[in-house]
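Source file: run-v9.txt; contents: compact mmCIF, C-alpha atoms.
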# COMPACT_ATOMS: atom_id res chain seq x y z
CA MET C 1 -53.02 12.73 -81.05
CA GLU C 2 -54.40 11.18 -84.23
CA LEU C 3 -53.24 7.71 -85.17
CA ASN C 4 -52.24 7.36 -88.83
CA ASN C 5 -51.07 4.39 -90.87
CA ILE C 6 -51.67 1.92 -88.06
CA LYS C 7 -50.26 -1.56 -88.65
CA PRO C 8 -51.73 -4.61 -86.87
CA CYS C 9 -48.30 -5.57 -85.49
CA GLU C 10 -48.08 -2.18 -83.70
CA ILE C 11 -51.13 -2.82 -81.52
CA VAL C 12 -50.55 -3.85 -77.90
CA PHE C 13 -53.69 -5.44 -76.44
CA LYS C 14 -54.41 -4.63 -72.77
CA ALA C 15 -57.91 -6.01 -72.19
CA LYS C 16 -61.10 -7.11 -73.91
CA LEU C 17 -63.86 -4.76 -72.77
CA PHE C 18 -66.98 -6.03 -74.55
CA ALA C 19 -67.93 -8.61 -77.17
CA PHE C 20 -71.03 -8.40 -79.36
CA ASP C 21 -72.30 -10.39 -82.35
CA TYR C 22 -70.97 -7.86 -84.84
CA SER C 23 -67.98 -6.31 -83.07
CA VAL C 24 -65.49 -6.70 -80.23
CA ILE C 25 -64.06 -3.82 -78.17
CA PHE C 26 -60.55 -3.79 -76.68
CA LEU C 27 -58.40 -1.49 -74.58
CA VAL C 28 -55.13 -1.18 -76.52
CA MET C 29 -51.98 0.86 -76.80
CA VAL C 30 -50.99 2.20 -80.22
CA HIS C 31 -47.95 4.43 -80.83
CA GLY C 32 -47.64 4.88 -77.08
CA GLN C 33 -51.25 6.02 -76.66
CA ILE C 34 -53.93 4.18 -74.68
CA CYS C 35 -57.18 4.04 -76.64
CA VAL C 36 -60.25 1.96 -77.42
CA MET C 37 -60.17 -0.32 -80.47
CA LYS C 38 -63.53 -1.45 -81.83
CA VAL C 39 -63.17 -4.25 -84.38
CA HIS C 40 -66.05 -4.86 -86.78
CA HIS C 41 -66.62 -8.14 -88.58
CA GLY C 42 -66.23 -7.77 -92.34
CA ARG C 43 -69.23 -7.67 -94.63
CA GLY C 44 -69.68 -8.95 -98.17
CA PRO C 45 -71.79 -7.74 -101.11
CA ARG C 46 -75.41 -6.71 -100.59
CA ARG C 47 -77.87 -9.63 -100.78
CA TYR C 48 -80.96 -9.71 -103.00
CA TYR C 49 -83.38 -9.17 -100.13
CA GLU C 50 -81.48 -6.32 -98.47
CA PRO C 51 -82.61 -2.70 -98.92
CA LYS C 52 -80.69 -0.89 -101.64
CA ASP C 53 -81.16 2.57 -100.15
CA ARG C 54 -79.49 1.89 -96.79
CA GLU C 55 -75.85 1.30 -95.86
CA LEU C 56 -75.58 -1.98 -93.93
CA ASP C 57 -71.83 -2.18 -93.18
CA ILE C 58 -71.55 -1.16 -89.53
CA HIS C 59 -67.90 -0.10 -89.92
CA VAL C 60 -68.81 2.24 -92.75
CA LEU C 61 -71.74 3.60 -90.71
CA GLU C 62 -69.71 4.20 -87.55
CA SER C 63 -66.58 5.61 -89.17
CA ALA C 64 -68.63 7.94 -91.39
CA ALA C 65 -70.57 9.23 -88.36
CA TYR C 66 -67.43 9.86 -86.29
CA ARG C 67 -65.68 11.63 -89.18
CA ARG C 68 -68.66 13.94 -89.67
CA LEU C 69 -68.88 14.67 -85.94
CA ARG C 70 -65.13 15.27 -85.74
CA ASP C 71 -65.20 17.61 -88.73
CA ARG C 72 -68.05 19.56 -87.11
CA GLY C 73 -66.07 19.97 -83.88
CA LEU C 74 -68.09 17.67 -81.63
CA CYS C 75 -65.18 15.41 -80.69
CA GLY C 76 -63.51 18.34 -78.99
CA CYS C 77 -66.63 19.17 -76.97
CA GLY C 78 -66.59 15.95 -74.98
CA ILE C 79 -70.05 14.87 -76.15
CA ILE C 80 -68.58 11.86 -77.93
CA PRO C 81 -65.19 10.10 -77.75
CA ARG C 82 -62.55 11.59 -80.03
CA LEU C 83 -61.93 9.70 -83.25
CA LEU C 84 -58.23 8.80 -83.39
CA GLY C 85 -58.04 6.68 -86.53
CA THR C 86 -59.29 3.68 -88.48
CA MET C 87 -57.86 0.52 -89.98
CA GLU C 88 -59.68 -0.84 -93.01
CA LYS C 89 -59.95 -4.51 -94.02
CA PHE C 90 -56.81 -5.69 -92.24
CA ASP C 91 -55.35 -9.16 -91.76
CA PRO C 92 -56.13 -10.29 -88.16
CA LYS C 93 -53.36 -12.91 -88.06
CA PRO C 94 -50.70 -10.62 -86.48
CA CYS C 95 -53.16 -9.86 -83.64
CA GLN C 96 -53.53 -13.40 -82.34
CA PRO C 97 -54.80 -14.73 -80.04
CA TYR C 98 -56.81 -11.58 -79.31
CA LEU C 99 -58.64 -11.54 -82.66
CA LYS C 100 -59.13 -15.29 -82.99
CA MET C 101 -62.88 -14.75 -83.43
CA PHE C 102 -62.13 -13.04 -86.76
CA LEU C 103 -59.76 -15.65 -88.21
CA HIS C 104 -62.34 -17.70 -90.03
CA ASP C 105 -64.51 -14.85 -91.28
CA LYS C 106 -65.12 -14.81 -95.02
CA TYR C 107 -64.36 -11.09 -95.17
CA LEU C 108 -61.58 -9.12 -93.47
CA PRO C 109 -62.40 -7.06 -90.36
CA SER C 110 -62.02 -3.30 -89.98
CA ALA C 111 -61.37 -1.27 -86.83
CA ILE C 112 -61.99 2.16 -85.41
CA PHE C 113 -59.77 3.74 -82.71
CA LEU C 114 -61.38 6.05 -80.16
CA GLU C 115 -60.37 8.10 -77.15
CA TYR C 116 -60.36 6.09 -73.91
CA ILE C 117 -62.48 7.89 -71.31
CA PRO C 118 -62.00 6.42 -67.81
CA ASN C 119 -64.84 6.01 -65.30
CA LEU C 120 -67.68 5.80 -67.81
CA GLU C 121 -70.94 4.39 -66.49
CA MET C 122 -74.33 3.87 -68.10
CA ILE C 123 -77.05 6.31 -67.05
CA HIS C 124 -79.17 4.61 -64.39
CA LEU C 125 -81.53 5.35 -61.55
CA HIS C 126 -78.67 5.71 -59.07
CA ASN C 127 -76.69 8.30 -61.10
CA TYR C 128 -79.49 10.26 -62.76
CA THR C 129 -79.62 14.02 -62.36
CA GLN C 130 -81.69 16.52 -64.31
CA LYS C 131 -78.49 18.31 -65.37
CA ARG C 132 -77.10 15.14 -66.90
CA MET C 133 -80.39 14.46 -68.67
CA ASP C 134 -80.45 18.00 -70.04
CA ASN C 135 -76.91 17.52 -71.33
CA PHE C 136 -77.84 14.26 -73.05
CA LEU C 137 -80.59 16.08 -74.93
CA LYS C 138 -78.32 19.01 -75.76
CA GLY C 139 -75.65 16.60 -76.99
CA MET C 140 -78.11 14.75 -79.19
CA GLN C 141 -79.31 18.04 -80.66
CA GLU C 142 -75.72 18.95 -81.54
CA ILE C 143 -75.19 15.51 -83.09
CA HIS C 144 -78.32 16.07 -85.17
CA GLY C 145 -77.07 19.51 -86.13
CA ALA C 146 -74.10 17.75 -87.73
CA GLY C 147 -76.48 15.63 -89.81
CA VAL C 148 -76.02 12.36 -87.88
CA ARG C 149 -78.92 10.22 -86.67
CA HIS C 150 -77.79 7.86 -83.91
CA ARG C 151 -80.55 5.26 -84.47
CA ASP C 152 -79.99 3.61 -81.08
CA PRO C 153 -80.50 6.32 -78.43
CA LYS C 154 -80.92 3.95 -75.51
CA PRO C 155 -79.42 4.04 -71.99
CA ARG C 156 -76.81 1.43 -73.00
CA ASN C 157 -75.28 4.11 -75.23
CA MET C 158 -75.70 7.01 -72.76
CA MET C 159 -72.67 7.32 -70.49
CA ILE C 160 -71.95 9.55 -67.53
CA VAL C 161 -68.44 10.22 -66.14
CA LYS C 162 -68.49 9.14 -62.51
CA ASP C 163 -66.16 11.87 -61.21
CA ASP C 164 -67.84 14.65 -63.22
CA SER C 165 -71.29 15.82 -62.15
CA GLU C 166 -72.20 17.24 -65.59
CA ARG C 167 -70.31 15.48 -68.39
CA VAL C 168 -72.23 12.95 -70.48
CA VAL C 169 -71.03 10.97 -73.51
CA TRP C 170 -72.93 9.40 -76.39
CA ILE C 171 -71.26 6.21 -77.68
CA ASP C 172 -71.74 3.44 -80.29
CA PHE C 173 -72.58 4.95 -83.65
CA ASP C 174 -72.51 1.61 -85.52
CA ARG C 175 -76.17 1.99 -86.48
CA ALA C 176 -75.94 5.70 -87.27
CA GLU C 177 -76.98 7.35 -90.51
CA THR C 178 -75.02 10.36 -91.79
CA TYR C 179 -77.08 12.73 -93.92
CA ASN C 180 -76.07 15.28 -96.51
CA LEU C 181 -76.70 18.82 -95.29
CA PRO C 182 -79.17 20.41 -95.29
CA VAL C 183 -81.34 17.45 -94.29
CA THR C 184 -84.60 16.65 -96.06
CA ASP C 185 -88.00 17.05 -94.43
CA GLU C 186 -88.23 13.28 -93.86
CA GLN C 187 -84.76 13.19 -92.30
CA LYS C 188 -85.70 16.14 -90.09
CA ARG C 189 -88.77 14.21 -88.94
CA LEU C 190 -86.61 11.20 -87.98
CA LEU C 191 -84.16 13.45 -86.09
CA ASP C 192 -87.02 15.12 -84.22
CA GLU C 193 -88.41 11.69 -83.28
CA GLU C 194 -85.03 10.71 -81.87
CA GLU C 195 -84.94 13.85 -79.69
CA GLU C 196 -88.45 13.03 -78.49
CA ILE C 197 -87.19 9.59 -77.44
CA VAL C 198 -84.42 11.17 -75.38
CA LEU C 199 -86.95 13.54 -73.81
CA GLY C 200 -89.08 10.56 -72.92
CA PHE C 201 -86.28 9.14 -70.78
CA GLY C 202 -86.33 12.26 -68.66
CA ASP C 203 -90.14 12.25 -68.45
CA CYS C 204 -90.30 8.69 -67.23
CA LEU C 205 -86.99 7.44 -65.83
CA CYS C 206 -88.63 4.34 -64.44
CA LEU C 207 -88.80 3.06 -68.03
CA PHE C 208 -85.00 3.16 -68.44
CA LEU C 209 -84.62 -0.45 -67.46
CA TYR C 210 -87.30 -1.49 -69.93
CA LEU C 211 -85.67 0.37 -72.77
CA ALA C 212 -82.23 -0.95 -71.83
CA THR C 213 -83.55 -4.49 -72.39
CA ARG C 214 -84.35 -3.50 -75.95
CA ASN C 215 -85.77 -5.57 -78.74
CA ALA C 216 -83.27 -6.76 -81.31
CA THR C 217 -81.67 -4.05 -83.42
CA ASN C 218 -79.81 -4.42 -86.68
CA THR C 219 -78.83 -2.22 -89.58
CA ALA C 220 -81.12 -4.31 -91.78
CA TYR C 221 -84.39 -3.43 -90.02
CA GLU C 222 -85.83 -0.79 -87.71
CA ALA C 223 -89.13 0.43 -86.34
CA SER C 224 -89.65 2.96 -89.13
CA ASP C 225 -89.67 0.10 -91.67
CA ILE C 226 -93.23 -0.67 -90.54
CA HIS C 227 -95.30 1.91 -92.38
CA ASN C 228 -98.91 0.86 -91.90
CA ILE C 229 -100.58 -1.57 -89.50
CA GLY C 230 -104.05 -2.78 -90.38
CA VAL C 231 -106.36 -5.51 -89.08
CA TRP C 232 -106.36 -9.01 -90.55
CA HIS C 233 -110.07 -9.81 -90.45
CA GLY C 234 -109.74 -13.20 -92.18
CA PHE C 235 -107.89 -14.99 -89.38
CA ASN C 236 -110.62 -15.94 -86.92
CA LEU C 237 -112.55 -18.89 -85.53
CA ASN C 238 -115.26 -18.77 -88.24
CA ALA C 239 -112.68 -18.90 -91.03
CA LEU C 240 -110.87 -21.77 -89.31
CA LEU C 241 -114.07 -23.79 -88.82
CA GLN C 242 -115.22 -23.15 -92.36
CA SER C 243 -112.01 -24.75 -93.67
CA TYR C 244 -111.20 -27.36 -91.05
CA GLN C 245 -114.19 -28.14 -88.79
CA ASN C 246 -114.59 -31.66 -90.18
CA LEU C 247 -110.86 -32.31 -89.79
CA LEU C 248 -110.91 -31.13 -86.17
CA VAL C 249 -113.77 -33.52 -85.44
CA GLN C 250 -112.21 -36.49 -87.25
CA ALA C 251 -108.54 -36.14 -86.20
CA ARG C 252 -108.93 -36.12 -82.45
CA LEU C 253 -106.05 -36.32 -79.97
CA PRO C 254 -106.19 -37.61 -76.39
CA PRO C 255 -106.45 -34.86 -73.75
CA ASP C 256 -103.13 -33.24 -72.88
CA PRO C 257 -103.90 -30.59 -70.24
CA MET C 258 -101.40 -27.99 -69.19
CA PRO C 259 -99.88 -28.35 -65.69
CA THR C 260 -102.23 -27.20 -62.96
CA SER C 261 -99.52 -26.14 -60.51
CA PRO C 262 -98.87 -22.39 -60.40
CA PRO C 263 -96.19 -21.50 -62.97
CA ARG C 264 -92.99 -19.86 -61.88
CA ALA C 265 -92.65 -16.18 -62.68
CA ILE C 266 -90.96 -15.48 -66.01
CA THR C 267 -87.95 -13.32 -65.17
CA ALA C 268 -85.72 -13.91 -68.21
CA GLU C 269 -86.15 -14.28 -71.96
CA ASN C 270 -84.44 -17.68 -72.09
CA ALA C 271 -86.74 -18.98 -69.37
CA LEU C 272 -89.75 -17.99 -71.47
CA ARG C 273 -88.35 -19.71 -74.57
CA SER C 274 -87.77 -22.84 -72.49
CA LYS C 275 -91.40 -22.86 -71.31
CA ILE C 276 -92.69 -22.31 -74.85
CA SER C 277 -90.53 -25.21 -76.08
CA GLU C 278 -91.82 -27.44 -73.28
CA TYR C 279 -95.53 -26.65 -73.34
CA VAL C 280 -96.39 -25.18 -76.75
CA PHE C 281 -94.14 -26.75 -79.39
CA PRO C 282 -95.04 -30.44 -78.72
CA ARG C 283 -98.80 -29.82 -78.64
CA VAL C 284 -98.80 -27.85 -81.90
CA ARG C 285 -96.55 -30.45 -83.56
CA ARG C 286 -98.83 -33.34 -82.53
CA ALA C 287 -101.91 -31.51 -83.77
CA LEU C 288 -100.31 -30.71 -87.14
CA ARG C 289 -99.11 -34.30 -87.57
CA ALA C 290 -102.56 -35.71 -86.73
CA GLY C 291 -104.23 -33.32 -89.16
CA PHE C 292 -101.94 -34.12 -92.08
CA ASP C 293 -102.12 -37.86 -91.38
CA ARG C 294 -105.92 -37.68 -91.58
CA LEU C 295 -105.93 -35.60 -94.76
CA MET C 296 -103.49 -37.97 -96.45
CA ALA C 297 -105.56 -40.98 -95.37
CA ILE C 298 -108.66 -39.58 -97.11
CA ASN C 299 -106.65 -38.17 -100.06
CA GLN C 300 -107.59 -34.53 -99.37
CA MET C 301 -104.21 -32.78 -99.15
CA ASN C 302 -105.26 -30.49 -102.03
CA GLY C 303 -102.08 -28.44 -102.46
CA LEU C 304 -100.89 -28.75 -98.88
CA THR C 305 -97.33 -29.62 -97.88
CA PRO C 306 -97.06 -31.26 -94.42
CA VAL C 307 -95.23 -28.94 -92.05
CA SER C 308 -94.03 -29.09 -88.47
CA PHE C 309 -93.33 -26.47 -85.80
CA ASP C 310 -90.08 -26.08 -83.88
CA VAL C 311 -87.11 -23.80 -83.26
CA GLY C 312 -85.93 -21.47 -86.02
CA GLU C 313 -82.87 -23.55 -86.91
CA CYS C 314 -85.15 -26.32 -88.20
CA ALA C 315 -85.61 -24.14 -91.30
CA GLU C 316 -82.82 -22.57 -93.33
CA VAL C 317 -80.91 -19.85 -91.48
CA ILE C 318 -80.08 -17.02 -93.89
CA ASP C 319 -77.05 -14.84 -93.08
CA ALA C 320 -77.18 -15.83 -89.38
CA PHE C 321 -80.65 -14.29 -88.87
CA LYS C 322 -82.40 -16.87 -86.66
CA PRO C 323 -86.09 -16.53 -85.82
CA ASP C 324 -87.07 -18.16 -82.55
CA THR C 325 -89.54 -20.50 -84.28
CA ALA C 326 -90.18 -22.03 -87.67
CA TYR C 327 -92.88 -23.78 -89.65
CA PHE C 328 -90.99 -26.01 -92.08
CA ALA C 329 -91.69 -28.79 -94.58
CA VAL C 330 -91.13 -32.15 -92.86
CA ALA C 331 -90.03 -33.83 -96.11
CA LEU C 332 -86.91 -31.64 -96.40
CA PRO C 333 -83.69 -32.20 -94.44
CA VAL C 334 -83.68 -30.20 -91.23
CA GLY C 335 -82.22 -26.73 -91.70
CA THR C 336 -82.54 -26.65 -95.50
CA GLY C 337 -86.06 -25.52 -96.29
CA PRO C 338 -87.67 -22.07 -96.04
CA ASN C 339 -89.31 -20.83 -92.86
CA ARG C 340 -92.91 -20.66 -94.03
CA ALA C 341 -94.13 -18.55 -91.09
CA PRO C 342 -91.33 -17.18 -88.87
CA GLY C 343 -92.09 -16.28 -85.29
CA ASP C 344 -90.36 -14.62 -82.37
CA VAL C 345 -90.81 -15.03 -78.62
CA LYS C 346 -90.67 -11.95 -76.38
CA PRO C 347 -91.35 -11.46 -72.66
CA SER C 348 -94.31 -9.18 -72.12
CA TRP C 349 -92.16 -6.49 -70.51
CA LYS C 350 -90.31 -6.10 -73.82
CA TRP C 351 -93.27 -6.33 -76.19
CA SER C 352 -97.00 -5.99 -75.77
CA THR C 353 -99.92 -4.85 -77.92
CA ALA C 354 -100.57 -2.31 -75.16
CA HIS C 355 -97.37 -0.54 -76.24
CA ALA C 356 -98.74 0.26 -79.71
CA ASN C 357 -100.28 3.53 -78.49
CA HIS C 358 -98.03 4.28 -75.51
CA ARG C 359 -97.61 7.97 -74.74
CA LEU C 360 -93.81 7.68 -75.06
CA LEU C 361 -92.45 7.47 -78.58
CA GLY C 362 -89.62 5.20 -77.42
CA ILE C 363 -92.09 2.56 -76.29
CA ARG C 364 -94.14 2.87 -79.49
CA ASN C 365 -90.93 2.40 -81.46
CA GLU C 366 -90.06 -0.75 -79.46
CA TYR C 367 -93.48 -2.12 -80.42
CA ARG C 368 -92.75 -1.60 -84.11
CA GLN C 369 -89.12 -2.70 -83.74
CA ALA C 370 -90.22 -6.25 -82.89
CA LEU C 371 -92.67 -6.23 -85.82
CA SER C 372 -89.87 -5.08 -88.13
CA GLN C 373 -87.67 -7.94 -86.87
CA VAL C 374 -90.20 -10.63 -87.82
CA ASN C 375 -91.09 -8.75 -91.01
CA TRP C 376 -87.39 -9.01 -91.95
CA TYR C 377 -87.42 -12.77 -91.40
CA MET C 378 -90.57 -13.02 -93.54
CA ARG C 379 -88.91 -11.05 -96.32
CA GLN C 380 -85.83 -13.26 -96.22
CA HIS C 381 -87.94 -16.40 -96.63
CA ASN C 382 -90.54 -14.80 -98.95
CA SER C 383 -93.19 -15.89 -96.47
CA ARG C 384 -96.58 -14.25 -96.08
CA HIS C 385 -97.30 -15.00 -92.42
CA GLY C 386 -95.55 -14.53 -89.08
CA PHE C 387 -96.25 -14.00 -85.39
CA LEU C 388 -95.06 -12.68 -82.04
CA LEU C 389 -95.66 -14.71 -78.89
CA THR C 390 -95.24 -13.47 -75.32
CA ASN C 391 -96.02 -15.01 -71.95
CA ARG C 392 -99.36 -13.20 -72.12
CA GLU C 393 -100.57 -13.16 -75.73
CA LEU C 394 -100.15 -14.27 -79.34
CA VAL C 395 -100.32 -11.88 -82.27
CA VAL C 396 -100.44 -13.38 -85.76
CA PHE C 397 -99.91 -11.14 -88.78
CA ARG C 398 -99.37 -11.18 -92.52
CA ARG C 399 -97.43 -9.07 -94.97
CA VAL C 400 -99.53 -7.08 -97.39
CA ASP C 401 -96.51 -6.28 -99.58
CA ASP C 402 -92.74 -5.71 -99.42
CA GLY C 403 -93.24 -2.10 -98.30
CA GLY C 404 -93.60 -2.61 -94.55
CA ASN C 405 -97.40 -2.83 -94.53
CA LEU C 406 -98.76 -5.46 -92.14
CA GLU C 407 -102.18 -6.72 -91.07
CA LEU C 408 -102.43 -7.97 -87.47
CA VAL C 409 -104.93 -10.34 -85.91
CA PRO C 410 -106.38 -9.01 -82.62
CA PRO C 411 -104.28 -10.40 -79.75
CA ILE C 412 -105.16 -13.86 -78.44
CA PRO C 413 -104.49 -14.09 -74.68
CA PHE C 414 -103.04 -17.23 -73.14
CA THR C 415 -106.00 -17.17 -70.73
CA PHE C 416 -108.49 -17.98 -73.51
CA GLY C 417 -109.87 -21.53 -73.41
CA GLY C 418 -112.57 -23.39 -75.31
CA THR C 419 -114.36 -26.71 -75.64
CA ALA C 420 -115.82 -28.72 -78.53
CA GLU C 421 -119.25 -27.41 -77.58
CA GLN C 422 -118.08 -23.82 -77.09
CA PRO C 423 -115.02 -23.35 -79.29
CA GLN C 424 -112.78 -20.33 -78.90
CA MET C 425 -109.63 -19.21 -80.69
CA THR C 426 -106.90 -20.10 -78.23
CA VAL C 427 -103.13 -19.68 -78.57
CA LEU C 428 -102.63 -23.36 -79.41
CA LEU C 429 -105.51 -23.46 -81.90
CA ALA C 430 -104.29 -20.28 -83.59
CA LEU C 431 -100.76 -21.69 -83.93
CA TRP C 432 -102.23 -24.88 -85.45
CA TYR C 433 -104.30 -22.82 -87.91
CA LEU C 434 -101.23 -20.75 -88.78
CA GLY C 435 -99.44 -24.04 -89.50
CA MET C 436 -102.21 -25.03 -91.90
CA LEU C 437 -101.85 -21.68 -93.68
CA ALA C 438 -98.08 -22.20 -93.81
CA ALA C 439 -98.74 -25.57 -95.48
CA GLN C 440 -100.69 -24.02 -98.34
CA ASP C 441 -98.79 -23.87 -101.63
CA GLY C 442 -99.74 -22.05 -104.81
CA HIS C 443 -101.50 -18.72 -105.32
CA GLY C 444 -102.47 -17.06 -102.03
CA GLY C 445 -100.47 -19.61 -100.05
CA TRP C 446 -97.53 -19.21 -97.72
CA HIS C 447 -95.14 -17.85 -100.38
CA MET C 448 -95.23 -14.24 -101.60

Go through the file and emit its structure as structure tokens.
Amino acid sequence: MELNNIKPCEIVFKAKLFAFDYSVIFLVMVHGQICVMKVHHGRGPRRYYEPKDRELDIHVLESAAYRRLRDRGLCGCGIIPRLLGTMEKFDPKPCQPYLKMFLHDKYLPSAIFLEYIPNLEMIHLHNYTQKRMDNFLKGMQEIHGAGVRHRDPKPRNMMIVKDDSERVVWIDFDRAETYNLPVTDEQKRLLDEEEEIVLGFGDCLCLFLYLATRNATNTAYEASDIHNIGVWHGFNLNALLQSYQNLLVQARLPPDPMPTSPPRAITAENALRSKISEYVFPRVRRALRAGFDRLMAINQMNGLTPVSFDVGECAEVIDAFKPDTAYFAVALPVGTGPNRAPGDVKPSWKWSTAHANHRLLGIRNEYRQALSQVNWYMRQHNSRHGFLLTNRELVVFRRVDDGGNLELVPPIPFTFGGTAEQPQMTVLLALWYLGMLAAQDGHGGWHM
């Protein structure tokens, strides 16, 4: 039964099922019918740095996708939950305390009401069958036939019904794109890629867990935003020494060796960030401070602005997009200046340069997804440089333009080490050099 003209006061909340950054999902009763209510945070006008050719409101994206799929008969086939109704830009006050997280939003929330399907469970090693996998692919092909691209075809959105050996359900269309029919050649290419991703799950089920711990996704950026990846030949030891060899000799720091005891295994992303904060941040900060102090003492700043290196919140946070790290001007109040070279920290099982040419498209897309995330931060702050750091390697890169074209420095492993007599580009030295580039103002400097 469809739900029409729903009023907030008519909703009886039974349970909160899931909470995400951009939405919260509840089990509710409306007009005597048990259903799922997904509430999306409201969104304001498009910002200057956001793409003009892409819808960014997740409620608009999800409701448009479900309406198209319903109109094409897919809701009745069991491939997706049935769309029961929507509630646009409503006042959350009558739904307290359940919607307290929406009370102070600048813009009103919207909601979508979906069929409640009991006994749903994410596809996993213990419930995988070839029949279910075949049905996932068939379902995705039917979704594509309706002109809808899911844009997040990962195990977290692939559900099986525990008491049904064949039924599968695709959920969460809040990143989906709905195309006019017939689709263009480029749209057809994107739909084919998505089917190849689903096929890849069947080819290599052992990668399900990897893909479930996905890199950050958002309507604002995606893997396909990265169009070309070249090599940045100018970021190397020779270029560094040509610019700063005298400074490195003159502004010396006392030895500060890394701990010699065997490190604990990195098993979680937060644990990795903690280790980076403990061992990397202070050493890079001290080196930058010593370098700028020396340059100021001999009056050779020459268009440089002293910067420091710390967590992303030390620079301005734009629209709640928070890079893991920031290079920021030390003269400005914390949290107010631009991030001159945003960076992100990833465990090596989520991102690695080895994934760039992986045989599975899904893994290749995850490689570009992380690049698109940092590229988005760089666009927000109009910065030229950025990086990705894992527990195994550092990759520094620069934007060529605003069109998703990047140049990457060959990866620098954490195992690299050097001496004054035999210098080598190490992770710490590269991060210091990146800080010096982030300090450069004027033409060709940090700002694009």

- Write out as a PyMOL selection string which residues come within 8 Å of Leu360 of chain C when counting all atoms listed in the file, dropping same-chain ones fewer than 3 positions away. chain C and resi 197+200+363-364

- Task: Taking (-70.3, 14.4, -65.2) in the file's own coordinates, collect the residues within 12 Å, counting all atoms listed in the file, and hand them back as JSON, numbers by chain.
- Result: {"C": [78, 79, 117, 118, 119, 120, 121, 122, 123, 127, 128, 129, 130, 131, 132, 133, 134, 135, 136, 158, 159, 160, 161, 162, 163, 164, 165, 166, 167, 168, 169]}

- Query: Please, which residues are within 7 Å of (-83.2, 0.8, -81.5) by the file's coordinates, counting all atoms listed in the file, and could they come as a PyMOL selection string?
  - Reply: chain C and resi 151-153+217+222

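Look at Val409 of chain C: the protein and nucleic acid residues within 7 Å of it, using only C-alpha atoms and passing over chain neighbours fewer than 4 places away, are Val231, Trp232, His233, Phe235, Val395, Val396 and Phe397 of chain C.
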
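The space between atom CA of Gly403 of chain C and atom CA of Glu186 of chain C spans 16.8 Å.
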
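Closest approach to Ala439 of chain C among C:Lys52, C:Arg384, C:Lys100, C:Lys346: C:Arg384, based on all atoms listed in the file.
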
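Closest approach to Pro8 of chain C among C:Trp376, C:Trp432, C:Phe90, C:Trp349 is made by C:Phe90 (distances from only C-alpha atoms).
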
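Checking C:Thr336, C:Leu83, C:Ala64, C:Leu361 one by one against Asp192 of chain C, counting only C-alpha atoms, you find the shortest gap at C:Leu361.
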
Centre and edge lengths, as JSON, for the axis-aligned box enclosing every listed atom of segment 63-76 of chain C with 6 Å of padding on each of the six sides, in Å to one decimal?
{"center_x": -67.0, "center_y": 12.8, "center_z": -85.2, "size_x": 19.1, "size_y": 26.4, "size_z": 24.4}

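Among the candidate residues C:Thr415, C:Asn339, C:Asn218, C:Gln440, the one lying nearest to Ser372 of chain C is C:Asn218, with distances computed using all atoms listed in the file.
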
- Interatomic distance, atom CA of Val24 of chain C to atom CA of Glu142 of chain C (Å, one decimal): 27.6 Å

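Residues in contact with Asn270 of chain C at 12 Å, where all atoms listed in the file are counted and same-chain residues fewer than 2 positions away are skipped, are listed as C:Ile266, C:Thr267, C:Ala268, C:Leu272, C:Arg273, C:Ser274, C:Lys275, C:Ile276, C:Ser277, C:Asp324, C:Val345, C:Lys346, C:Pro347, C:Asn391.
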
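Taking only C-alpha atoms into account, Tyr22 of chain C lies nearest to C:Pro109 out of the set C:Gly386, C:Pro45, C:Gly234, C:Pro109.
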
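Computed from the coordinates, the atom CA of Gly435 of chain C to atom CA of Tyr327 of chain C distance equals 6.6 Å.
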